[in-house]
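Have a look at my_file-v1.tsv; it's TSV, C-alpha atoms and all ligand atoms:
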```tsv
chain	number	residue	atom	x	y	z
A	15	MET	CA	0.00	0.00	0.00
A	16	LEU	CA	1.37	3.42	-0.88
A	17	ALA	CA	0.73	7.13	-0.36
A	18	PHE	CA	1.83	10.30	-2.09
A	19	ALA	CA	3.29	12.58	0.58
A	20	ASN	CA	3.12	16.17	-0.63
A	21	ALA	CA	5.12	19.23	0.45
A	22	LYS	CA	3.81	22.47	1.98
A	23	ILE	CA	4.74	26.12	1.77
A	24	ASN	CA	4.21	28.78	4.43
A	25	LEU	CA	2.17	31.78	3.26
A	26	GLY	CA	3.67	34.16	5.84
A	27	LEU	CA	5.27	33.15	9.13
A	28	ASN	CA	5.32	35.26	12.30
A	29	ILE	CA	7.35	34.04	15.26
A	30	THR	CA	5.47	35.56	18.16
A	31	GLU	CA	7.27	34.38	21.31
A	32	LYS	CA	9.78	31.99	22.77
A	33	ARG	CA	8.09	29.40	24.98
A	34	SER	CA	9.28	28.10	28.31
A	35	ASP	CA	9.84	24.64	26.70
A	36	GLY	CA	12.40	26.16	24.30
A	37	TYR	CA	10.07	26.03	21.29
A	38	HIS	CA	8.50	29.12	19.70
A	39	ASN	CA	4.88	30.09	19.22
A	40	ILE	CA	4.25	30.94	15.59
A	41	GLU	CA	1.46	32.01	13.25
A	42	THR	CA	1.51	30.78	9.70
A	43	ILE	CA	-0.65	29.57	6.86
A	44	PHE	CA	0.24	26.10	5.63
A	45	TYR	CA	-0.59	25.54	1.99
A	46	PRO	CA	-0.19	22.05	0.43
A	47	VAL	CA	1.67	21.93	-2.90
A	48	LYS	CA	1.95	19.31	-5.64
A	49	LEU	CA	5.49	18.05	-5.09
A	50	ASN	CA	5.43	14.52	-3.71
A	51	ASP	CA	7.47	11.82	-2.05
A	52	VAL	CA	6.08	8.29	-2.27
A	53	VAL	CA	5.78	6.20	0.91
A	54	GLU	CA	5.08	2.48	0.61
A	55	ILE	CA	4.66	-0.22	3.26
A	56	THR	CA	4.94	-3.94	2.55
A	57	ASP	CA	4.98	-6.99	4.84
A	58	ALA	CA	8.55	-8.02	5.73
A	59	LYS	CA	10.57	-10.19	8.13
A	60	GLU	CA	11.94	-7.13	9.90
A	61	THR	CA	11.09	-3.45	9.93
A	62	THR	CA	13.46	-1.33	7.83
A	63	CYS	CA	13.37	1.91	5.90
A	64	VAL	CA	14.78	1.96	2.38
A	65	VAL	CA	15.24	5.40	0.81
A	66	GLU	CA	15.46	5.94	-2.94
A	67	GLY	CA	15.85	9.22	-4.85
A	68	ILE	CA	17.25	12.25	-3.01
A	69	ASP	CA	19.67	11.39	-0.24
A	70	VAL	CA	18.33	11.97	3.30
A	71	PRO	CA	21.14	12.87	5.71
A	72	GLY	CA	21.51	10.62	8.75
A	73	ALA	CA	21.11	6.89	9.23
A	74	ALA	CA	18.03	5.07	7.91
A	75	LYS	CA	17.09	4.31	11.53
A	76	ASP	CA	16.70	8.08	12.10
A	77	ASN	CA	14.19	8.46	9.29
A	78	LEU	CA	10.97	10.07	10.51
A	79	CYS	CA	8.97	7.31	8.77
A	80	LEU	CA	10.62	4.71	10.97
A	81	LYS	CA	10.06	6.87	14.07
A	82	ALA	CA	6.39	7.16	13.13
A	83	PHE	CA	6.09	3.39	12.68
A	84	ASP	CA	7.87	2.73	16.00
A	85	ALA	CA	5.50	5.10	17.80
A	86	LEU	CA	2.48	3.22	16.44
A	87	LYS	CA	4.08	-0.16	17.16
A	88	LYS	CA	4.38	0.77	20.84
A	89	ASP	CA	0.60	1.12	21.01
A	90	PHE	CA	-0.57	-1.57	18.55
A	91	ASP	CA	0.46	-5.13	17.81
A	92	LEU	CA	1.72	-4.48	14.27
A	93	PRO	CA	3.54	-6.95	12.00
A	94	GLU	CA	7.00	-5.97	10.69
A	95	GLN	CA	6.97	-3.75	7.60
A	96	GLN	CA	9.45	-2.60	5.00
A	97	ILE	CA	9.00	1.13	4.50
A	98	THR	CA	10.13	2.27	1.05
A	99	LEU	CA	10.47	5.98	0.57
A	100	LEU	CA	10.96	7.58	-2.84
A	101	LYS	CA	12.34	10.98	-1.93
A	102	ASN	CA	11.66	13.85	-4.35
A	103	ILE	CA	11.03	16.75	-1.95
A	104	PRO	CA	14.29	18.64	-1.28
A	105	VAL	CA	15.55	18.14	2.27
A	106	GLY	CA	16.16	21.07	4.65
A	107	ALA	CA	14.13	23.26	2.34
A	108	GLY	CA	11.27	24.47	4.55
A	109	LEU	CA	8.91	22.27	2.53
A	110	GLY	CA	8.10	19.89	5.39
A	111	GLY	CA	9.04	16.77	3.43
A	112	GLY	CA	10.11	14.64	6.39
A	113	SER	CA	7.03	15.64	8.37
A	114	SER	CA	4.78	14.80	5.44
A	115	ASP	CA	6.40	11.38	4.99
A	116	ALA	CA	5.83	10.60	8.68
A	117	ALA	CA	2.22	11.82	8.67
A	118	HIS	CA	1.42	9.81	5.55
A	119	LEU	CA	3.03	6.75	7.14
A	120	VAL	CA	0.69	7.14	10.13
A	121	LYS	CA	-2.31	7.39	7.79
A	122	LEU	CA	-1.14	4.37	5.75
A	123	VAL	CA	-0.67	2.17	8.81
A	124	ASN	CA	-4.04	3.27	10.20
A	125	LYS	CA	-5.69	2.25	6.93
A	126	LYS	CA	-3.77	-0.98	6.24
A	127	PHE	CA	-4.26	-2.39	9.74
A	128	LYS	CA	-7.70	-0.84	10.34
A	129	LEU	CA	-6.56	0.78	13.58
A	130	GLY	CA	-9.58	3.09	13.64
A	131	LEU	CA	-7.54	6.13	14.70
A	132	SER	CA	-9.42	9.42	14.56
A	133	VAL	CA	-7.94	12.49	12.85
A	134	ALA	CA	-7.22	13.97	16.30
A	135	ALA	CA	-5.43	10.80	17.42
A	136	MET	CA	-3.29	10.74	14.27
A	137	GLN	CA	-2.49	14.44	14.76
A	138	ASP	CA	-1.27	13.59	18.27
A	139	TYR	CA	1.15	11.03	16.83
A	140	GLY	CA	2.24	13.75	14.38
A	141	ARG	CA	2.85	16.35	17.12
A	142	LYS	CA	5.25	13.98	18.86
A	143	LEU	CA	7.28	13.56	15.65
A	144	GLY	CA	7.63	17.24	14.68
A	145	ALA	CA	5.79	20.54	14.85
A	146	ASP	CA	4.91	20.47	11.13
A	147	CYS	CA	3.83	16.87	11.07
A	148	ALA	CA	0.26	17.17	12.38
A	149	PHE	CA	-0.66	19.50	9.51
A	150	PHE	CA	-0.24	16.72	6.95
A	151	ILE	CA	-2.89	14.53	8.58
A	152	GLU	CA	-5.76	16.67	7.27
A	153	ASN	CA	-3.50	18.21	4.63
A	154	ARG	CA	-5.69	21.16	3.67
A	155	SER	CA	-4.79	24.86	3.82
A	156	ALA	CA	-4.88	26.00	7.43
A	157	PHE	CA	-4.00	28.83	9.76
A	158	ALA	CA	-1.57	27.29	12.26
A	159	PHE	CA	-0.71	28.62	15.71
A	160	ASP	CA	0.96	27.62	19.02
A	161	LYS	CA	4.01	25.56	17.95
A	162	GLY	CA	2.51	25.45	14.47
A	163	ASP	CA	0.65	22.30	15.42
A	164	GLU	CA	-2.83	23.67	16.16
A	165	PHE	CA	-5.02	24.52	13.17
A	166	GLU	CA	-8.03	26.38	11.88
A	167	PRO	CA	-8.97	25.50	8.30
A	168	ILE	CA	-8.83	28.51	5.98
A	169	ALA	CA	-10.13	28.68	2.41
A	170	ILE	CA	-7.28	29.70	0.11
A	171	ASP	CA	-7.10	28.67	-3.49
A	172	LEU	CA	-4.07	29.60	-5.58
A	173	SER	CA	-4.99	27.25	-8.43
A	174	ASN	CA	-5.56	30.18	-10.81
A	175	TYR	CA	-1.97	31.31	-10.27
A	176	HIS	CA	1.34	29.75	-11.33
A	177	LEU	CA	3.34	28.70	-8.31
A	178	VAL	CA	7.09	28.14	-8.73
A	179	LEU	CA	9.46	26.71	-6.09
A	180	VAL	CA	13.16	27.49	-6.24
A	181	LYS	CA	15.53	25.46	-4.07
A	182	PRO	CA	19.01	27.00	-3.77
A	183	PRO	CA	21.83	24.52	-3.20
A	184	VAL	CA	22.02	25.18	0.56
A	185	HIS	CA	20.52	23.27	3.47
A	186	VAL	CA	19.11	25.32	6.37
A	187	SER	CA	18.67	23.58	9.72
A	188	THR	CA	15.29	24.39	11.30
A	189	ALA	CA	16.72	24.31	14.86
A	190	ALA	CA	19.58	26.67	13.88
A	191	ALA	CA	17.14	29.02	12.13
A	192	TYR	CA	14.94	29.25	15.26
A	193	ALA	CA	18.04	29.81	17.40
A	194	GLY	CA	18.81	32.95	15.33
A	195	ILE	CA	15.42	34.56	16.05
A	196	LYS	CA	14.34	37.29	18.46
A	197	PRO	CA	10.50	37.28	18.42
A	198	ALA	CA	9.14	40.63	17.13
A	199	SER	CA	6.41	42.76	18.72
A	200	PRO	CA	2.79	41.87	17.88
A	201	ARG	CA	1.66	42.68	14.34
A	202	ARG	CA	-1.49	42.31	12.30
A	203	SER	CA	-2.38	38.64	12.30
A	204	ILE	CA	-1.58	36.57	9.22
A	205	LYS	CA	-5.11	35.22	9.63
A	206	ASP	CA	-6.41	38.67	8.52
A	207	LEU	CA	-3.67	39.54	6.02
A	208	ILE	CA	-4.21	36.36	4.04
A	209	HIS	CA	-7.61	37.62	2.90
A	210	LEU	CA	-6.01	40.52	1.01
A	211	PRO	CA	-5.72	39.87	-2.74
A	212	VAL	CA	-2.42	38.15	-3.65
A	213	GLU	CA	-1.35	41.36	-5.46
A	214	LYS	CA	-1.31	43.11	-2.05
A	215	TRP	CA	0.65	40.47	-0.09
A	216	LYS	CA	4.08	41.96	-0.98
A	217	GLY	CA	5.38	43.92	2.04
A	218	GLN	CA	2.46	42.69	4.20
A	219	LEU	CA	2.89	38.91	4.55
A	220	GLU	CA	6.34	38.33	6.02
A	221	ASN	CA	8.51	35.42	7.04
A	222	ASP	CA	10.37	36.25	10.27
A	223	PHE	CA	13.16	33.80	9.36
A	224	GLU	CA	14.16	35.81	6.29
A	225	PRO	CA	16.41	38.50	7.85
A	226	SER	CA	18.66	36.12	9.77
A	227	VAL	CA	18.66	33.32	7.16
A	228	PHE	CA	19.30	35.83	4.33
A	229	SER	CA	22.28	37.30	6.21
A	230	GLY	CA	23.82	33.81	6.50
A	231	TYR	CA	22.91	32.79	2.93
A	232	PRO	CA	22.74	35.85	0.61
A	233	GLU	CA	22.10	33.52	-2.35
A	234	ILE	CA	18.61	32.81	-0.97
A	235	GLU	CA	17.75	36.53	-0.91
A	236	GLN	CA	19.08	36.80	-4.48
A	237	VAL	CA	16.62	34.10	-5.57
A	238	LYS	CA	13.75	36.07	-4.01
A	239	SER	CA	14.87	39.27	-5.80
A	240	LYS	CA	15.15	37.39	-9.09
A	241	LEU	CA	11.60	36.06	-8.70
A	242	TYR	CA	10.29	39.62	-8.28
A	243	GLN	CA	12.38	40.80	-11.26
A	244	SER	CA	10.82	37.98	-13.28
A	245	GLY	CA	7.32	39.27	-12.57
A	246	ALA	CA	6.22	37.44	-9.42
A	247	LEU	CA	3.21	39.03	-7.72
A	248	PHE	CA	4.53	37.66	-4.45
A	249	ALA	CA	7.69	35.82	-3.37
A	250	LEU	CA	8.73	34.52	0.04
A	251	MET	CA	11.04	31.98	1.63
A	252	SER	CA	9.11	28.94	2.85
A	253	GLY	CA	9.45	28.04	6.54
A	254	SER	CA	13.05	28.13	7.75
A	255	GLY	CA	14.30	27.89	4.13
A	256	SER	CA	16.11	27.45	1.89
A	257	CYS	CA	13.30	27.13	-0.67
A	258	VAL	CA	11.74	30.33	-2.01
A	259	TYR	CA	8.42	30.37	-3.88
A	260	GLY	CA	7.04	32.82	-6.37
A	261	ILE	CA	3.38	33.34	-7.25
A	262	PHE	CA	2.86	34.47	-10.86
A	263	ASP	CA	-0.26	35.40	-12.79
A	264	GLN	CA	1.07	33.71	-15.91
A	265	LYS	CA	3.22	30.75	-16.91
A	266	VAL	CA	6.93	31.53	-16.55
A	267	SER	CA	10.24	30.04	-17.51
A	268	LEU	CA	13.22	30.90	-15.31
A	269	PRO	CA	16.31	29.55	-17.13
A	270	GLU	CA	18.70	31.84	-15.27
A	271	LEU	CA	17.52	30.54	-11.89
A	272	GLU	CA	17.70	26.96	-13.19
A	273	LYS	CA	21.48	27.32	-13.66
A	274	CYS	CA	22.30	27.17	-9.91
A	275	ASN	CA	19.04	26.00	-8.31
A	276	ARG	CA	16.39	23.33	-8.60
A	277	VAL	CA	13.23	24.90	-10.01
A	278	PHE	CA	9.79	23.27	-9.73
A	279	TYR	CA	7.07	24.76	-11.94
A	280	ASN	CA	3.30	24.60	-11.40
A	281	VAL	CA	3.37	22.89	-8.03
A	301	LIG	C1	9.89	26.26	10.56
A	301	LIG	C2	8.70	25.40	10.23
A	301	LIG	C3	7.56	26.31	9.77
A	301	LIG	O1	6.50	25.60	9.22
A	301	LIG	O2	8.90	24.48	9.17
A	301	LIG	P1	10.20	23.98	8.30
A	301	LIG	O3	10.90	25.17	7.78
A	301	LIG	O4	11.07	23.18	9.21
A	301	LIG	O5	9.61	23.13	7.20
A	301	LIG	C4	8.25	24.58	11.48
A	301	LIG	O6	7.97	25.44	12.55
A	301	LIG	C5	9.27	23.56	11.92
A	301	LIG	O7	8.63	22.37	12.13
A	301	LIG	P2	9.46	20.99	12.23
A	301	LIG	O8	10.49	20.97	11.15
A	301	LIG	O9	8.46	19.88	12.28
A	301	LIG	O10	10.19	21.21	13.59
A	301	LIG	P3	10.59	20.18	14.76
A	301	LIG	O11	11.24	19.00	14.12
A	301	LIG	O12	9.43	19.96	15.68
A	301	LIG	O13	11.65	21.06	15.56
A	301	LIG	C6	12.97	21.26	15.15
A	301	LIG	C7	13.56	22.33	16.05
A	301	LIG	O14	13.05	23.62	15.70
A	301	LIG	C8	12.76	24.42	16.84
A	301	LIG	N1	11.32	24.78	16.85
A	301	LIG	C9	10.43	24.11	16.08
A	301	LIG	C10	9.10	24.50	16.04
A	301	LIG	C11	8.71	25.59	16.84
A	301	LIG	N2	7.43	26.01	16.86
A	301	LIG	N3	9.61	26.23	17.63
A	301	LIG	C12	10.92	25.86	17.63
A	301	LIG	O15	11.73	26.49	18.32
A	301	LIG	C13	13.17	23.58	18.05
A	301	LIG	O16	14.49	23.96	18.38
A	301	LIG	C14	13.18	22.16	17.52
A	301	LIG	O17	14.12	21.37	18.19
A	302	LIG	N1	11.78	11.17	5.59
A	302	LIG	C1	12.61	12.23	5.75
A	302	LIG	N2	12.71	13.15	4.78
A	302	LIG	C2	13.49	14.24	4.93
A	302	LIG	N3	14.24	14.49	6.02
A	302	LIG	C3	14.18	13.60	7.03
A	302	LIG	C4	13.37	12.44	6.92
A	302	LIG	N4	13.50	11.75	8.07
A	302	LIG	C5	14.36	12.44	8.84
A	302	LIG	N5	14.77	13.55	8.23
A	302	LIG	C6	15.69	14.59	8.81
A	302	LIG	O1	14.93	15.78	9.01
A	302	LIG	C7	15.67	16.94	8.62
A	302	LIG	C8	14.69	18.01	8.08
A	302	LIG	O2	14.11	17.52	6.93
A	302	LIG	P1	12.90	18.18	6.08
A	302	LIG	O3	11.61	17.78	6.64
A	302	LIG	O4	13.13	17.86	4.65
A	302	LIG	O5	13.19	19.72	6.18
A	302	LIG	P2	12.35	21.00	6.58
A	302	LIG	O6	12.17	20.90	8.10
A	302	LIG	O7	13.23	22.11	6.18
A	302	LIG	O8	11.05	20.99	5.87
A	302	LIG	C9	16.67	16.44	7.58
A	302	LIG	O9	17.89	17.12	7.68
A	302	LIG	C10	16.84	14.95	7.88
A	302	LIG	O10	18.04	14.69	8.58
```
Mind converting the file's structure to structure tokens?
Amino acid sequence: MLAFANAKINLGLNITEKRSDGYHNIETIFYPVKLNDVVEITDAKETTCVVEGIDVPGAAKDNLCLKAFDALKKDFDLPEQQITLLKNIPVGAGLGGGSSDAAHLVKLVNKKFKLGLSVAAMQDYGRKLGADCAFFIENRSAFAFDKGDEFEPIAIDLSNYHLVLVKPPVHVSTAAAYAGIKPASPRRSIKDLIHLPVEKWKGQLENDFEPSVFSGYPEIEQVKSKLYQSGALFALMSGSGSCVYGIFDQKVSLPELEKCNRVFYNV
């Protein structure tokens, strides 16, 4: 049995405060995009995780899919499974690929073994695996708050626009990116700003990671500038980076950006 585990982008991201547990409270809009990994589970003699496609740093035993399976196995009497992961979503990109893989693994196991887990119960497994992970259980555009793991559904449809993802050849660690942040004073909520027309998002919807990540990796800021020069209505780094997306009102080709970066059109 297999699942297509899609990526997400963040339409704005405000880091509002540092919490006493060391995490940060944030406000963001998660928006699912059409760039997928494939997660497959098959019966096996022992549980392993085999990764094909893009290399995932770290040992296979550290893969979030395996951690998700182990968490479920603690609570349910599950037979051993081989987890095969075809990795297409760039890693360390702010696209939530690992979190999506893990959330889709939880949904797959729930379905294959008829565990009867509710959405809320699967989200709880997700929360223990990573702040982004719970989002991918329902996997529909949502306003996220607290650690980014509490949600209110929000109706946003960008299907009339052309969405382009640009992944510069640098890997940004989420933990390091949060460590470089001083939460800013309260601003207008992203929950309100998102209802402005896309043409008005520039200068309004912000990503609080950009200043510190851009100062460490100027090439990411250059990608954002290039997207605006190429006619983007709106461009922003996704999550803690390094991927930057551009929203265009027409089909574009960005050969100059393709020279040094991976470019994904119409996601
Ligand atoms: C920044 C965001 C924005 O959507 O996404 P990515 O850029 O990673 O995709 C998320 O908040 C990332 O979520 P996720 O990648 O699941 O983070 P986790 O594995 O839970 O945490 C990694 C590390 O980031 C820090 N962290 C994470 C979430 C949060 N609300 N506050 C934090 O301070 C903690 O130091 C934690 O140890
Ligand atoms: N299935 C997986 N896919 C990607 N990364 C994974 C996976 N399992 C564990 N990881 C680890 O999680 C880290 C963050 O990965 P990823 O989710 O792609 O980035 P981001 O948090 O920027 O969206 C990687 O550096 C990798 O070591």
Starting from 8 Å padding per side, set up an axis-aligned box that covers all listed atoms of ligand LIG 302 (chain A) and hand over centre and edge lengths in Å, one decimal, as AutoDock Vina command-line options.
```
--center_x 14.5 --center_y 16.6 --center_z 6.8 --size_x 23.0 --size_y 26.9 --size_z 20.4
```
Might you pull out every residue within 12 Å of Pro269 (chain A), with all atoms listed in the file counted and same-chain residues fewer than 6 positions away left off, and present them as a list of chain:residue names?
-> A:Val180, A:Lys240, A:Leu241, A:Ser244, A:Asn275, A:Arg276, A:Val277, A:Phe278, A:Tyr279
For the residues in the current selection, export C-alpha atoms as a short mmCIF file (atom, residue, chain, number, x, y, z; two decimals), in the coordinates of the input.
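Ended up saving to selection.cif:
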```
data_model
loop_
_atom_site.label_atom_id
_atom_site.label_comp_id
_atom_site.auth_asym_id
_atom_site.auth_seq_id
_atom_site.Cartn_x
_atom_site.Cartn_y
_atom_site.Cartn_z
CA VAL A 180 13.16 27.49 -6.24
CA LYS A 240 15.15 37.39 -9.09
CA LEU A 241 11.60 36.06 -8.70
CA SER A 244 10.82 37.98 -13.28
CA ASN A 275 19.04 26.00 -8.31
CA ARG A 276 16.39 23.33 -8.60
CA VAL A 277 13.23 24.90 -10.01
CA PHE A 278 9.79 23.27 -9.73
CA TYR A 279 7.07 24.76 -11.94
#
```
Distance query Ala73 (chain A) at most 12 Å, all atoms listed in the file, self and fewer than 5 positions along chain excluded, as number ranges by chain | A: 62-65, 78, 80
Convert the current residue selection to file output with C-alpha atoms, as a CSV table (one decimal), in the coordinates of the input.
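Final output, result-v4.csv:
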```csv
chain,number,residue,atom,x,y,z
A,62,THR,CA,13.5,-1.3,7.8
A,63,CYS,CA,13.4,1.9,5.9
A,64,VAL,CA,14.8,2.0,2.4
A,65,VAL,CA,15.2,5.4,0.8
A,78,LEU,CA,11.0,10.1,10.5
A,80,LEU,CA,10.6,4.7,11.0
```
Between CA of Lys142 (chain A) and CA of Ala85 (chain A) - distance in Å to one decimal = 8.9 Å
Env. residues ligand LIG 301 (chain A) / 8 Å / all atoms listed in the file / as a PyMOL selection string | chain A and resi 22-24+27+32+36-40+42+44+106-113+141-147+160-163+187-193+252-255
Compare A:Cys257, A:Ala169, A:Val227, A:Ile43 by their minimum atom-to-atom distance to ligand LIG 302 (chain A), counting all atoms listed in the file, and give me the closest one.
-> A:Cys257
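The space between CA of Asp84 (chain A) and CA of Ser34 (chain A) spans 28.2 Å.
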Ala19 (chain A) surroundings by all atoms listed in the file, 7 Å radius, close-in-sequence under 3 positions cut, as a list of chain:residue names = A:Asn50, A:Asp51, A:Val52, A:Val53, A:Ser114, A:Asp115, A:His118
